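Structure file protein00.tsv (TSV, C-alpha atoms) is printed below.
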```
chain	number	residue	atom	x	y	z
A	23	MET	CA	168.34	88.41	81.82
A	24	LYS	CA	171.41	87.33	83.73
A	25	ILE	CA	174.56	88.89	85.05
A	26	ILE	CA	177.76	87.83	83.34
A	27	LYS	CA	180.35	90.19	84.81
A	28	SER	CA	180.80	92.41	87.84
A	29	ASP	CA	183.51	95.02	87.49
A	30	GLY	CA	183.68	97.47	90.38
A	31	ASP	CA	180.76	99.85	90.00
A	32	LYS	CA	179.55	98.22	86.76
A	33	LEU	CA	177.53	95.09	86.14
A	34	THR	CA	177.28	93.49	82.70
A	35	PHE	CA	174.11	91.66	81.73
A	36	GLN	CA	173.16	89.27	78.95
A	37	ILE	CA	169.61	89.66	77.68
A	38	THR	CA	167.78	87.66	75.00
A	39	GLN	CA	165.88	89.39	72.19
A	40	ILE	CA	162.54	88.36	73.69
A	41	GLU	CA	163.52	89.67	77.14
A	42	LYS	CA	164.71	92.91	75.56
A	43	ARG	CA	161.38	93.38	73.80
A	44	LEU	CA	159.47	92.65	77.03
A	45	LEU	CA	161.68	95.05	78.99
A	46	PHE	CA	161.21	97.87	76.48
A	47	ASP	CA	157.43	97.34	76.32
A	48	LEU	CA	157.36	97.48	80.09
A	49	LEU	CA	159.56	100.57	80.46
A	50	ALA	CA	157.38	102.47	77.99
A	51	LEU	CA	154.66	102.43	80.68
A	52	TYR	CA	156.68	104.56	83.14
A	53	PRO	CA	155.51	106.43	85.19
A	54	LEU	CA	152.31	104.81	86.46
A	55	VAL	CA	152.12	105.68	90.16
A	56	PRO	CA	150.54	109.12	90.68
A	57	VAL	CA	152.68	111.66	92.53
A	58	LEU	CA	150.08	111.80	95.31
A	59	PHE	CA	150.16	108.10	96.08
A	60	GLN	CA	150.75	108.33	99.81
A	61	PRO	CA	150.21	111.25	102.18
A	62	LEU	CA	153.20	112.47	104.15
A	63	SER	CA	151.36	111.51	107.35
A	64	ARG	CA	148.28	109.45	108.17
A	65	THR	CA	147.52	111.09	111.51
A	66	ALA	CA	148.49	114.75	111.11
A	67	ASN	CA	145.80	117.29	110.33
A	68	PRO	CA	146.14	117.84	106.54
A	69	ALA	CA	145.82	121.61	107.03
A	70	ASP	CA	148.85	121.60	109.34
A	71	ILE	CA	151.14	119.87	106.86
A	72	GLN	CA	149.88	121.40	103.62
A	73	ALA	CA	153.22	123.01	102.77
A	74	ASP	CA	155.19	119.87	103.65
A	75	GLN	CA	152.81	117.73	101.60
A	76	ARG	CA	153.27	120.04	98.59
A	77	LEU	CA	157.04	119.81	99.03
A	78	LEU	CA	156.83	116.01	98.97
A	79	GLU	CA	154.74	116.04	95.80
A	80	GLU	CA	157.13	118.46	94.06
A	81	SER	CA	160.10	116.37	95.11
A	82	LEU	CA	158.50	113.15	93.80
A	83	ALA	CA	157.50	114.82	90.51
A	84	ALA	CA	161.06	116.09	89.96
A	85	HIS	CA	162.46	112.68	90.85
A	86	LYS	CA	160.20	110.93	88.33
A	87	GLN	CA	161.29	113.36	85.62
A	88	GLU	CA	164.93	112.64	86.39
A	89	ASN	CA	164.25	108.89	86.35
A	90	LYS	CA	162.53	109.26	82.98
A	91	LYS	CA	165.59	111.06	81.59
A	92	GLN	CA	167.95	108.42	82.95
A	93	LEU	CA	165.70	105.71	81.54
A	94	GLY	CA	166.21	107.19	78.06
A	95	VAL	CA	169.98	106.91	78.57
A	96	ILE	CA	169.67	103.25	79.68
A	97	ILE	CA	167.46	102.36	76.69
A	98	ASP	CA	170.00	104.00	74.34
A	99	GLN	CA	172.81	102.04	76.00
A	100	ILE	CA	170.94	98.75	75.54
A	101	ASN	CA	170.10	99.61	71.93
A	102	ARG	CA	173.75	100.39	71.17
A	103	SER	CA	175.01	97.32	73.03
A	104	GLN	CA	177.11	94.52	71.62
A	105	GLU	CA	175.03	91.82	69.90
A	106	SER	CA	175.72	88.29	71.03
A	107	ALA	CA	174.15	84.90	70.28
A	108	GLY	CA	170.38	85.42	70.47
A	109	GLY	CA	170.57	88.66	72.39
A	110	CYS	CA	172.90	91.40	73.57
A	111	ARG	CA	175.20	92.44	76.39
A	112	PHE	CA	175.03	95.76	78.18
A	113	SER	CA	176.56	97.32	81.30
A	114	LEU	CA	174.90	99.42	83.96
A	115	SER	CA	176.41	101.41	86.82
A	116	SER	CA	175.12	101.03	90.42
A	117	ASP	CA	173.25	104.33	90.11
A	118	GLN	CA	171.60	103.21	86.89
A	119	ILE	CA	170.54	99.91	88.47
A	120	GLU	CA	169.09	101.81	91.43
A	121	GLY	CA	167.12	104.06	89.09
A	122	LEU	CA	165.93	101.09	87.04
A	123	LEU	CA	164.74	99.33	90.21
A	124	GLN	CA	162.68	102.39	91.14
A	125	VAL	CA	161.21	102.60	87.64
A	126	LEU	CA	160.30	98.89	87.63
A	127	ASN	CA	158.72	99.16	91.05
A	128	ASP	CA	156.70	102.19	89.98
A	129	ILE	CA	155.37	100.10	87.08
A	130	ARG	CA	154.66	97.15	89.39
A	131	VAL	CA	152.84	99.24	92.04
A	132	GLY	CA	151.03	101.34	89.41
A	133	SER	CA	149.79	98.24	87.58
A	134	TRP	CA	148.61	96.78	90.89
A	135	GLN	CA	146.67	99.98	91.60
A	136	LYS	CA	145.09	99.83	88.12
A	137	LEU	CA	144.01	96.28	88.93
A	138	GLY	CA	142.10	97.66	91.94
A	139	SER	CA	144.81	96.96	94.57
A	140	PRO	CA	143.97	93.23	94.86
A	141	ASP	CA	144.78	91.36	98.08
A	142	ALA	CA	144.96	94.58	100.08
A	143	PRO	CA	142.80	94.53	103.23
A	144	GLN	CA	139.09	94.58	102.27
A	145	LYS	CA	139.93	94.19	98.59
A	146	LYS	CA	139.07	91.13	96.56
A	147	ALA	CA	141.38	88.99	94.45
A	148	ILE	CA	142.16	89.86	90.83
A	149	GLU	CA	139.43	89.05	88.33
A	150	LEU	CA	141.23	89.07	85.00
A	151	ASN	CA	139.47	90.25	81.89
A	152	GLU	CA	140.42	91.71	78.52
A	153	GLN	CA	140.58	95.23	79.94
A	154	ASN	CA	142.96	94.57	82.82
A	155	ALA	CA	145.05	91.59	81.65
A	156	HIS	CA	147.88	93.87	80.47
A	157	ASN	CA	148.10	95.36	84.00
A	158	ALA	CA	148.54	91.89	85.49
A	159	TRP	CA	151.18	91.16	82.83
A	160	ALA	CA	153.07	94.38	83.62
A	161	MET	CA	152.96	93.75	87.38
A	162	GLU	CA	154.36	90.23	87.07
A	163	VAL	CA	157.00	91.01	84.43
A	164	ALA	CA	158.22	94.07	86.37
A	165	GLY	CA	158.66	91.79	89.39
A	166	LEU	CA	160.72	89.32	87.35
A	167	PHE	CA	163.11	92.03	86.15
A	168	GLN	CA	163.34	93.48	89.67
A	169	MET	CA	164.35	90.08	91.04
A	170	ALA	CA	166.97	89.67	88.28
A	171	LEU	CA	168.52	93.05	89.19
A	172	LEU	CA	168.37	92.41	92.94
A	173	SER	CA	170.00	88.97	92.56
A	174	ALA	CA	172.75	90.51	90.42
A	175	ARG	CA	173.50	93.09	93.14
A	176	ASP	CA	173.80	90.50	95.92
U	250	MET	CA	170.40	109.21	177.57
U	251	PRO	CA	168.02	111.13	175.51
U	252	ASP	CA	167.73	110.14	171.88
U	253	THR	CA	169.44	112.53	169.57
U	254	ALA	CA	167.16	114.01	167.00
U	255	LYS	CA	167.53	112.40	163.62
U	256	PRO	CA	167.72	114.80	160.71
U	257	MET	CA	164.55	114.73	158.67
U	258	VAL	CA	165.08	114.10	154.98
U	259	LEU	CA	162.49	115.70	152.80
U	260	PRO	CA	162.14	115.02	149.10
U	261	ASP	CA	163.49	117.85	147.04
U	262	THR	CA	161.01	119.85	145.11
U	263	GLU	CA	163.33	121.11	142.43
U	264	ARG	CA	163.18	119.68	138.97
U	265	ASP	CA	166.13	117.53	137.96
U	266	GLU	CA	168.18	118.76	135.04
U	267	GLN	CA	167.37	116.93	131.83
U	268	THR	CA	170.21	114.59	131.10
U	269	LYS	CA	169.06	113.23	127.75
U	270	PRO	CA	171.00	114.42	124.74
U	271	LYS	CA	169.50	117.38	122.92
U	272	ASP	CA	168.88	115.36	119.74
U	273	ALA	CA	166.82	112.77	121.61
U	274	LEU	CA	164.62	115.46	123.09
U	275	ALA	CA	164.04	117.03	119.72
U	276	SER	CA	163.28	113.73	117.98
U	277	GLY	CA	159.53	113.39	118.01
U	278	TYR	CA	158.58	111.86	114.67
U	279	LEU	CA	158.27	108.19	113.79
U	280	VAL	CA	159.01	107.03	110.27
U	281	ILE	CA	156.64	104.16	109.54
U	282	CYS	CA	156.54	101.75	106.62
U	283	TRP	CA	153.13	100.17	106.03
U	284	ASP	CA	152.63	96.69	104.64
U	285	ASP	CA	151.13	96.15	101.21
U	286	PRO	CA	150.75	93.01	99.13
U	287	VAL	CA	152.62	94.33	96.08
U	288	ASN	CA	156.17	95.33	97.07
U	289	LEU	CA	158.51	92.34	96.88
U	290	MET	CA	160.15	91.32	100.16
U	291	ASP	CA	163.65	91.40	98.66
U	292	TYR	CA	162.96	94.83	97.21
U	293	VAL	CA	161.78	96.24	100.56
U	294	THR	CA	164.90	94.84	102.27
U	295	HIS	CA	167.08	96.41	99.59
U	296	VAL	CA	165.38	99.81	99.96
U	297	PHE	CA	165.86	99.83	103.75
U	298	GLN	CA	169.56	99.06	103.22
U	299	MET	CA	169.93	101.86	100.69
U	300	VAL	CA	167.95	104.53	102.54
U	301	PHE	CA	169.18	103.87	106.09
U	302	GLY	CA	172.54	102.22	105.34
U	303	TRP	CA	171.53	99.21	107.45
U	304	GLN	CA	173.07	95.76	107.41
U	305	LYS	CA	170.97	93.18	105.59
U	306	SER	CA	169.93	91.46	108.85
U	307	LYS	CA	168.47	94.66	110.32
U	308	ALA	CA	166.75	95.53	107.03
U	309	GLU	CA	165.23	92.02	106.88
U	310	TYR	CA	164.04	92.30	110.50
U	311	HIS	CA	162.08	95.47	109.69
U	312	MET	CA	160.80	94.06	106.40
U	313	LEU	CA	159.42	90.99	108.24
U	314	GLN	CA	157.94	93.13	111.01
U	315	ASP	CA	156.22	95.19	108.34
U	316	HIS	CA	154.97	92.05	106.61
U	317	ASN	CA	153.76	90.24	109.74
U	318	GLN	CA	152.44	93.13	111.82
U	319	GLY	CA	151.17	95.43	109.07
U	320	LYS	CA	153.72	98.15	109.76
U	321	SER	CA	157.21	98.75	111.03
U	322	MET	CA	158.49	101.73	112.93
U	323	LEU	CA	161.79	102.35	111.17
U	324	THR	CA	163.26	105.25	113.09
U	325	ARG	CA	162.43	108.13	115.44
U	326	GLU	CA	163.75	111.44	114.21
U	327	THR	CA	163.44	115.20	114.17
U	328	LEU	CA	160.86	116.67	111.80
U	329	GLU	CA	163.43	117.45	109.10
U	330	LYS	CA	165.12	114.05	109.18
U	331	ALA	CA	161.80	112.19	109.29
U	332	GLU	CA	160.62	114.13	106.24
U	333	HIS	CA	163.85	113.34	104.45
U	334	TYR	CA	163.43	109.60	105.06
U	335	VAL	CA	159.77	109.61	103.98
U	336	HIS	CA	160.77	111.37	100.74
U	337	GLN	CA	163.46	108.76	100.11
U	338	LEU	CA	161.16	105.80	100.82
U	339	GLN	CA	158.37	107.18	98.66
U	340	LYS	CA	160.83	107.66	95.79
U	341	TYR	CA	161.08	103.86	95.88
U	342	SER	CA	157.22	103.67	95.89
U	343	LEU	CA	157.07	102.24	99.41
U	344	HIS	CA	154.09	103.09	101.62
U	345	ALA	CA	155.90	105.27	104.16
U	346	THR	CA	154.66	108.10	106.35
U	347	MET	CA	155.81	110.06	109.38
U	348	GLU	CA	153.71	110.27	112.53
U	349	ARG	CA	154.07	112.41	115.65
U	350	ASP	CA	155.35	110.28	118.53
```

Take the structure from the file and write it as structure tokens.
Amino acid sequence: MKIIKSDGDKLTFQITQIEKRLLFDLLALYPLVPVLFQPLSRTANPADIQADQRLLEESLAAHKQENKKQLGVIIDQINRSQESAGGCRFSLSSDQIEGLLQVLNDIRVGSWQKLGSPDAPQKKAIELNEQNAHNAWAMEVAGLFQMALLSARD
Amino acid sequence: MPDTAKPMVLPDTERDEQTKPKDALASGYLVICWDDPVNLMDYVTHVFQMVFGWQKSKAEYHMLQDHNQGKSMLTRETLEKAEHYVHQLQKYSLHATMERD
């Protein structure tokens, strides 16, 4: 996937058929990170921040729902996009790119968690097997699409 | 000639007025981003720019501090603002929390 035009708030990308298939397979996994993935605070007494913690979880849940809705719009846009040699061209606004970055990172972090959080302190390296290979695939491919979007924004 | 008595200066016992701005006194929460091996460095830099409106150089400084020292203290804020920033950072799936200063 590469950027071919930047026009104000919109960026136009060229994507090959294989990349498109990989991207759609990947996006179908969203969301992967549970809403309670990090506490609001590591040192506060949980009883003291119960209401604030619940507010955070509600806010994250609503945000994921909104991202899921926007993701549907993006997938429709790509599906309806202009076909070009070996792939297609589609445009995304800055807000859509921001949402897509969050979705891709959710898939990357969620896949990493499913792999047992390898390389974290006191955790061992990934031991790939038939059951977890697709998580390693998702983590790496999400990272590739994230880098493509970040480079396009620079 | 006799010496004239020198006035004795005693330390005052009254409290000085606080001169710090009100906001600084109320700001007692640190927003901290914790290192993890999964978030891409470029992504973390981008998120700091988006959430705090920082220049790239400042965002990179905090990303590297996070990476090298295990955490980075991003800002010191009031309870409400600190909560707002933690919500924003967690929406990007970063490991962020707020801690009492």

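You can rank A:Gly30, A:Gly138, A:Pro61, A:Pro53 by their closest distance to chain U using all atoms listed in the file, and at the top of that list sits A:Pro61.
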
Need to verify the contact set: segment 307-314 of chain U, 10 Å, all atoms listed in the file, exclusion of same-chain residues closer than 3 positions in sequence. Can you return it as a PDB file with C-alpha atoms, in the coordinates of the input?
```pdb
ATOM      1  CA  CYS U 282     156.540 101.750 106.620  1.00  0.00           C
ATOM      2  CA  TRP U 283     153.130 100.170 106.030  1.00  0.00           C
ATOM      3  CA  ASP U 284     152.630  96.690 104.640  1.00  0.00           C
ATOM      4  CA  LEU U 289     158.510  92.340  96.880  1.00  0.00           C
ATOM      5  CA  MET U 290     160.150  91.320 100.160  1.00  0.00           C
ATOM      6  CA  ASP U 291     163.650  91.400  98.660  1.00  0.00           C
ATOM      7  CA  TYR U 292     162.960  94.830  97.210  1.00  0.00           C
ATOM      8  CA  VAL U 293     161.780  96.240 100.560  1.00  0.00           C
ATOM      9  CA  THR U 294     164.900  94.840 102.270  1.00  0.00           C
ATOM     10  CA  HIS U 295     167.080  96.410  99.590  1.00  0.00           C
ATOM     11  CA  VAL U 296     165.380  99.810  99.960  1.00  0.00           C
ATOM     12  CA  PHE U 297     165.860  99.830 103.750  1.00  0.00           C
ATOM     13  CA  GLN U 298     169.560  99.060 103.220  1.00  0.00           C
ATOM     14  CA  MET U 299     169.930 101.860 100.690  1.00  0.00           C
ATOM     15  CA  PHE U 301     169.180 103.870 106.090  1.00  0.00           C
ATOM     16  CA  GLY U 302     172.540 102.220 105.340  1.00  0.00           C
ATOM     17  CA  TRP U 303     171.530  99.210 107.450  1.00  0.00           C
ATOM     18  CA  GLN U 304     173.070  95.760 107.410  1.00  0.00           C
ATOM     19  CA  ASN U 317     153.760  90.240 109.740  1.00  0.00           C
ATOM     20  CA  GLN U 318     152.440  93.130 111.820  1.00  0.00           C
ATOM     21  CA  GLY U 319     151.170  95.430 109.070  1.00  0.00           C
ATOM     22  CA  LYS U 320     153.720  98.150 109.760  1.00  0.00           C
ATOM     23  CA  SER U 321     157.210  98.750 111.030  1.00  0.00           C
ATOM     24  CA  MET U 322     158.490 101.730 112.930  1.00  0.00           C
ATOM     25  CA  LEU U 323     161.790 102.350 111.170  1.00  0.00           C
TER      26      LEU U 323
END
```

Please produce, as CSV, a per-residue contact table for chain U versus chain A (criterion: any atom at most 7 Å away, only C-alpha atoms considered), showing the nearest atom pair and its distance in Å to one decimal, sorted by chain then residue number.
```
residue,atom,partner,partner_atom,distance
U:Asp285,CA,A:Ala142,CA,6.5
U:Pro286,CA,A:Ala142,CA,6.1
U:Val287,CA,A:Val131,CA,6.4
U:His336,CA,A:Leu78,CA,6.3
U:Lys340,CA,A:Leu82,CA,6.3
U:Tyr341,CA,A:Gln124,CA,5.2
U:Ser342,CA,A:Asp128,CA,6.1
U:His344,CA,A:Gln60,CA,6.5
U:Thr346,CA,A:Ser63,CA,4.8
U:Met347,CA,A:Ser63,CA,5.1
U:Glu348,CA,A:Ser63,CA,5.8
```

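Across the structure, atom CA of Tyr334 of chain U and atom CA of Gln92 of chain A are spaced 22.6 Å apart.
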
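A straight line drawn from atom CA of Gln36 of chain A to atom CA of Ala155 of chain A is 28.3 Å long.
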
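Among the candidates A:Asn154, A:Met23, A:Gln104, A:Ile148, the residue lying nearest to Leu45 of chain A is A:Met23 (atoms considered: all atoms listed in the file).
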
Q | Sel. within 12 Å of pt (164.5, 89.7, 70.1), counting all atoms listed in the file, output as a list of chain:residue names | A | A:Ile37, A:Thr38, A:Gln39, A:Ile40, A:Glu41, A:Lys42, A:Arg43, A:Leu44, A:Leu45, A:Phe46, A:Asn101, A:Glu105, A:Ser106, A:Ala107, A:Gly108, A:Gly109, A:Cys110

Q: Write out as a ChimeraX atom specification which residues come within 9 Å of segment 32-34 of chain A when counting all atoms listed in the file, dropping same-chain ones fewer than 5 positions away.
A: /A:24-27,111-116,119,174-175

Give me a file of those residues, with C-alpha atoms, as an mmCIF file, keeping the file's coordinate frame.
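Saved as out.cif:
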```cif
data_model
loop_
_atom_site.group_PDB
_atom_site.id
_atom_site.type_symbol
_atom_site.label_atom_id
_atom_site.label_comp_id
_atom_site.auth_asym_id
_atom_site.auth_seq_id
_atom_site.Cartn_x
_atom_site.Cartn_y
_atom_site.Cartn_z
ATOM 1 C CA LYS A 24 171.410 87.330 83.730
ATOM 2 C CA ILE A 25 174.560 88.890 85.050
ATOM 3 C CA ILE A 26 177.760 87.830 83.340
ATOM 4 C CA LYS A 27 180.350 90.190 84.810
ATOM 5 C CA ARG A 111 175.200 92.440 76.390
ATOM 6 C CA PHE A 112 175.030 95.760 78.180
ATOM 7 C CA SER A 113 176.560 97.320 81.300
ATOM 8 C CA LEU A 114 174.900 99.420 83.960
ATOM 9 C CA SER A 115 176.410 101.410 86.820
ATOM 10 C CA SER A 116 175.120 101.030 90.420
ATOM 11 C CA ILE A 119 170.540 99.910 88.470
ATOM 12 C CA ALA A 174 172.750 90.510 90.420
ATOM 13 C CA ARG A 175 173.500 93.090 93.140
#
```

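With atom CA of Arg349 of chain U on one side and atom CA of Ser276 of chain U on the other, the separation reads 9.6 Å.
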
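Between Glu88 of chain A and the candidates A:Gln153, A:Gln118, A:Ser28, A:Ser103, the tightest atom-to-atom separation, counting only C-alpha atoms, involves A:Gln118.
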